[in-house]
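Structure first, commentary second.
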Amino acid sequence: MLNEYLHGLVQEVYDILNDIPEIKQSRYYMPYSWLPHITIGKKLSKDEMVKAFEVLQKYFVPIKASVVYMGLAKTNPYEEIVGFELSD
């Protein structure tokens, strides 16, 4: 769920990356265009993913968390480009 904390984090990251000439930001990752999230099941097979969703639907409850690390990465194959330790 987007809240003030997450929106501020998105804006801060955008501003930091915008100051790095070597990084071209996609319009899909501009403020108000994306929501920080946790990716789970990235490497699951189709059958494993179906089972994982069944379990999630049964046990899901919202959680409260703080972001302590943020990384910029490429996918397929996963490669972290840069990471940032964040204060909570």
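We name chains A, B, ... following the order of the structure tokens; residues begin at 1 in each chain, and ligands are numbered from 1 as shown.
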
- Message: Show me, as number ranges by chain, the residues that have an atom within 12 Å of Ala65 (chain A) when counting only C-alpha atoms, minus same-chain residues fewer than 3 positions from it.
- Response: A: 1, 5-6, 37-38, 62, 68-69, 88

- Message: Taking 5 positions as the minimum chain separation for residues in the same chain, which residues sit within 10 Å of Leu9 (chain A) when counting only C-alpha atoms? Answer as a PyMOL selection string.
- Response: chain A and resi 3-4+14-15+31+35-36+67+70

- Return as a list in words the full set of residues in chain A whose backbone-based DSSP assignment is strand (DSSP E or B).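 These are the residues in question: Tyr69, Met70, Gly71, Leu72, Ala73, Lys74, Glu79, Glu80, Ile81, Val82, Gly83, Phe84 and Glu85 of chain A.
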
Just to be explicit: take each residue in the selection above, keep C-alpha atoms, and write the result as an mmCIF file, in the first residue's frame.
```
data_model
loop_
_atom_site.group_PDB
_atom_site.id
_atom_site.type_symbol
_atom_site.label_atom_id
_atom_site.label_comp_id
_atom_site.auth_asym_id
_atom_site.auth_seq_id
_atom_site.Cartn_x
_atom_site.Cartn_y
_atom_site.Cartn_z
ATOM 1 C CA TYR A 69 18.554 -1.640 1.864
ATOM 2 C CA MET A 70 17.743 -0.729 -1.704
ATOM 3 C CA GLY A 71 19.447 -2.053 -4.786
ATOM 4 C CA LEU A 72 19.444 -1.260 -8.470
ATOM 5 C CA ALA A 73 19.660 -4.437 -10.517
ATOM 6 C CA LYS A 74 19.341 -5.986 -13.949
ATOM 7 C CA GLU A 79 22.897 -8.736 -11.505
ATOM 8 C CA GLU A 80 23.046 -6.058 -8.827
ATOM 9 C CA ILE A 81 24.448 -2.807 -10.194
ATOM 10 C CA VAL A 82 24.579 -0.782 -6.990
ATOM 11 C CA GLY A 83 23.152 -1.039 -3.483
ATOM 12 C CA PHE A 84 22.392 1.476 -0.774
ATOM 13 C CA GLU A 85 22.191 0.937 2.984
#
```

- Item | Residue contacts of Ser33 (chain A) (12 Å, only C-alpha atoms) excluding same-chain residues fewer than 6 positions away, as number ranges by chain | A: 2, 7, 10-11, 14, 25-27

- Shortest interatomic distance to Lys42 (chain A) - which of A:Glu54, A:Phe60, A:Pro77, A:Glu12, counting only C-alpha atoms: A:Pro77

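In this structure, CA of Leu56 (chain A) sits 29.3 Å away from CA of Met30 (chain A).
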
- Task: For CA of Leu44 (chain A) and CA of Tyr78 (chain A), determine how far apart the two atoms are, in Å to one decimal place.
- Result: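 The value is 14.4 Å.
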
- Item | One-decimal distance in Å that lies between CA of Val61 (chain A) and CA of Tyr28 (chain A) |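 Atom-to-atom, CA of Tyr28 (chain A) to CA of Val61 (chain A), that is 28.0 Å.
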
- Query: A:Ser87, A:Lys51, A:Gly8, A:Gln57: which is nearest Tyr32 (chain A), counting only C-alpha atoms?
  - Reply: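 Counting only C-alpha atoms, the residue closest to Tyr32 (chain A) is A:Gly8.
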